[in-house]
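I have placed the structure first, in the form of structure tokens, so that the comments after it can refer back to it.
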Amino acid sequence: MAFELLNRVNCSGSGVLGTGLAGCKFDINRVIAIGLLTKGYKFTQDPDKEYMRELQQAGTLIMLQGIVSFTDATADDNIVTREGSGIKVVAGKNPYEKTAMFDNGLNFHKALTSVSGYEEYDIVLFDVNGSMVVTVAKDGSPKGFTLGMFENQKYGFANGTDSNSQSVLFQMINRTEFDSNAGWYTTEELDFYPSELTGVNEVLVTVDPAVAGTSIVVSAYLLDKTHPVEGLLFGDFKVVRNGTVSNPTVAVYSSSTKKYTLTVPAFVAADVLEVSLNGIILTPLDVLYKSNTATAIAS
């Protein structure tokens, strides 16, 4: 398909036209978020918010928000000086190497550890102006820059001078993808700001002792264990009985107990019940959740 919005610049958006340069200037501003894409994934359309949220729900896109510092650690080109003549030759170009620092807390530090690895993902960049920076594959499809190392760094402890911090060091190992094939979507061409692509929230699901019948009582809290997740529908839950899907047909939330009562197909004593959220769910409030799987044996 044709990607009509890719690399487009709104020349008159600021009211100032170009001053002698052919075309309109685009530059990357301060990077405020990064997205990790499944390695090799190519966009199948010009991105809009619905499409990006679908990628997140499918586990194809992982958003890392809240970058407070984005610094360059790229080594200089490898230049050889010929003996005698003094002629210099570029022997090789080093990968772009960046450090992204966050201030998102200890759970986020643990999340960065979980996505660390080598050649696990591709990466897209989002800047403070709302632009999204990608590379363009040979078939014209936008995709993320190929990552080599993507590694969580040591946790930064507060010390009275510096605040707590979390950071990752990564390399975009294919220089051509950026130097020759970088592409972009400006904020004028996107129907979302980077901050709207919030990450997936971890939910801790627990199950009360289950008595044979048609009801299961469960609680769903954020990892801080102080914030119950409200507003979930029966379709947001997954129930498995003895290895067979036995999903609920009704979910009723109690504001007093902060628990859900799920109506499910009948089960009997000794049945093994597994309860979780139904994959990565997107609520009507535009919040993403996923959970553990809790197990109970019916009595």
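In the structure tokens, chains take the letters A, B, ... in the order shown, each chain's residues start at 1, and ligands count up from 1 in the order shown.
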message: DSSP on the backbone, helix (DSSP H, G or I) only: what residues of stretch 27-218 of chain A does that give? Format it as a PyMOL selection string.
response: chain A and resi 49-57+106-114+175-179+187-189+194-196
- request: Just the residues within 9 Å of stretch 283-296 of chain A, please, counting only C-alpha atoms, with nothing from its chain fewer than 5 positions along; format it as a VMD selection string.
  value: chain A and resid 53 56 to 57 196 198 to 210 220 231 to 233 236 271 to 278
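Among the candidates A:Asn164, A:Thr81, A:Thr74, A:Ser195, the residue lying nearest to A:Ala33 is A:Ser195 (atoms considered: only C-alpha atoms).
Distance check against A:Gln153 using only C-alpha atoms: of A:Lys259, A:Lys88, A:Lys138, A:Lys110, the minimum falls on A:Lys110.
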- request: List the neighbours of A:Leu190 out to 10 Å using only C-alpha atoms; skip same-chain residues closer than 2 positions along the sequence, and give me the result as a VMD selection string.
  value: chain A and resid 5 46 to 49 130 to 132 185 to 188 192 to 194
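Nearest residue to A:Gly105, choosing from A:Ile216, A:Ala266, A:Ala158, A:Ile32 and counting only C-alpha atoms: A:Ala158.
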Residue neighbourhood A:Leu147, 9 Å, only C-alpha atoms, exclusion window fewer than 2 positions, as a PyMOL selection string: chain A and resi 39+118-123+144-145+149-150+170-174
Residues as selected, C-alpha atoms, written as a CSV table (one decimal), in the first residue's frame, can you do that?
chain,number,residue,atom,x,y,z
A,39,LYS,CA,11.6,-7.7,15.5
A,118,TYR,CA,20.0,-8.6,22.1
A,119,GLU,CA,18.3,-8.3,18.7
A,120,GLU,CA,14.9,-8.9,20.4
A,121,TYR,CA,13.1,-5.8,19.1
A,122,ASP,CA,13.1,-2.9,16.6
A,123,ILE,CA,12.6,0.6,17.9
A,144,GLY,CA,11.4,0.3,13.6
A,145,PHE,CA,15.2,0.7,13.6
A,149,MET,CA,21.8,-4.5,22.5
A,150,PHE,CA,18.9,-3.1,24.6
A,170,PHE,CA,20.8,0.6,23.4
A,171,GLN,CA,22.3,0.4,19.9
A,172,MET,CA,20.6,0.8,16.5
A,173,ILE,CA,23.0,-1.5,14.7
A,174,ASN,CA,22.2,-0.7,11.0
message: So that I can check the secondary structure, give me every residue of stretch 10-204 of chain A assigned strand (DSSP E) by backbone DSSP, as a ChimeraX atom specification.
response: /A:31-38,61-65,67-72,78-81,88-92,96-102,117-118,121-127,132-136,142-143,145-152,166-172,182-185,200-204
task: Can you work out the spacing between atom CA of A:Asp77 and atom CA of A:Phe178 in Å, to one decimal?
output: 15.1 Å
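For the atom pair formed by atom CA of A:Asn107 and atom CA of A:Val133, the distance is 27.5 Å, given to one decimal.
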query: Residues at most 6 Å from A:Thr60, counting only C-alpha atoms, excluding those fewer than 3 positions away in the same chain, as a VMD selection string?
result: chain A and resid 37 to 38 55 to 56
How would the residues just picked look written out with C-alpha atoms as a compact mmCIF listing (two decimals), in the first residue's frame?
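Below is the file part_18.txt, written as the result:
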# COMPACT_ATOMS: atom_id res chain seq x y z
CA LEU A 37 8.27 -3.43 18.02
CA THR A 38 8.42 -7.15 17.39
CA LEU A 55 -0.47 -3.32 18.16
CA GLN A 56 -0.13 -2.88 21.91
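In this structure, atom CA of A:Ser141 sits 13.5 Å away from atom CA of A:Val124.
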message: For A:Thr261, find every residue with an atom within 7 Å (counting only C-alpha atoms), except residues of its own chain fewer than 5 positions away, and show them as a ChimeraX atom specification.
response: /A:215-218,251-253
Store the residues picked out above in a file with N, CA and C atoms, as a short mmCIF file (atom, residue, chain, number, x, y, z; two decimals), in the first residue's frame.
data_model
loop_
_atom_site.label_atom_id
_atom_site.label_comp_id
_atom_site.auth_asym_id
_atom_site.auth_seq_id
_atom_site.Cartn_x
_atom_site.Cartn_y
_atom_site.Cartn_z
N SER A 215 -20.50 -19.29 40.72
CA SER A 215 -19.96 -17.96 41.03
C SER A 215 -18.51 -18.06 41.51
N ILE A 216 -17.70 -17.14 41.03
CA ILE A 216 -16.32 -17.00 41.49
C ILE A 216 -16.13 -15.54 41.90
N VAL A 217 -15.52 -15.33 43.07
CA VAL A 217 -15.26 -13.98 43.55
C VAL A 217 -13.77 -13.68 43.39
N VAL A 218 -13.47 -12.61 42.68
CA VAL A 218 -12.07 -12.27 42.41
C VAL A 218 -11.82 -10.80 42.70
N ALA A 251 -20.35 -10.12 35.16
CA ALA A 251 -19.39 -9.65 36.15
C ALA A 251 -20.02 -8.49 36.92
N VAL A 252 -20.11 -8.64 38.23
CA VAL A 252 -20.70 -7.60 39.08
C VAL A 252 -19.65 -7.13 40.06
N TYR A 253 -19.42 -5.81 40.08
CA TYR A 253 -18.40 -5.22 40.96
C TYR A 253 -19.05 -4.66 42.21
#
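Ranking A:Asn29, A:Ser255, A:Thr44, A:Gln65 by their shortest atom-to-atom distance to A:Asn129, with only C-alpha atoms included, puts A:Asn29 first.
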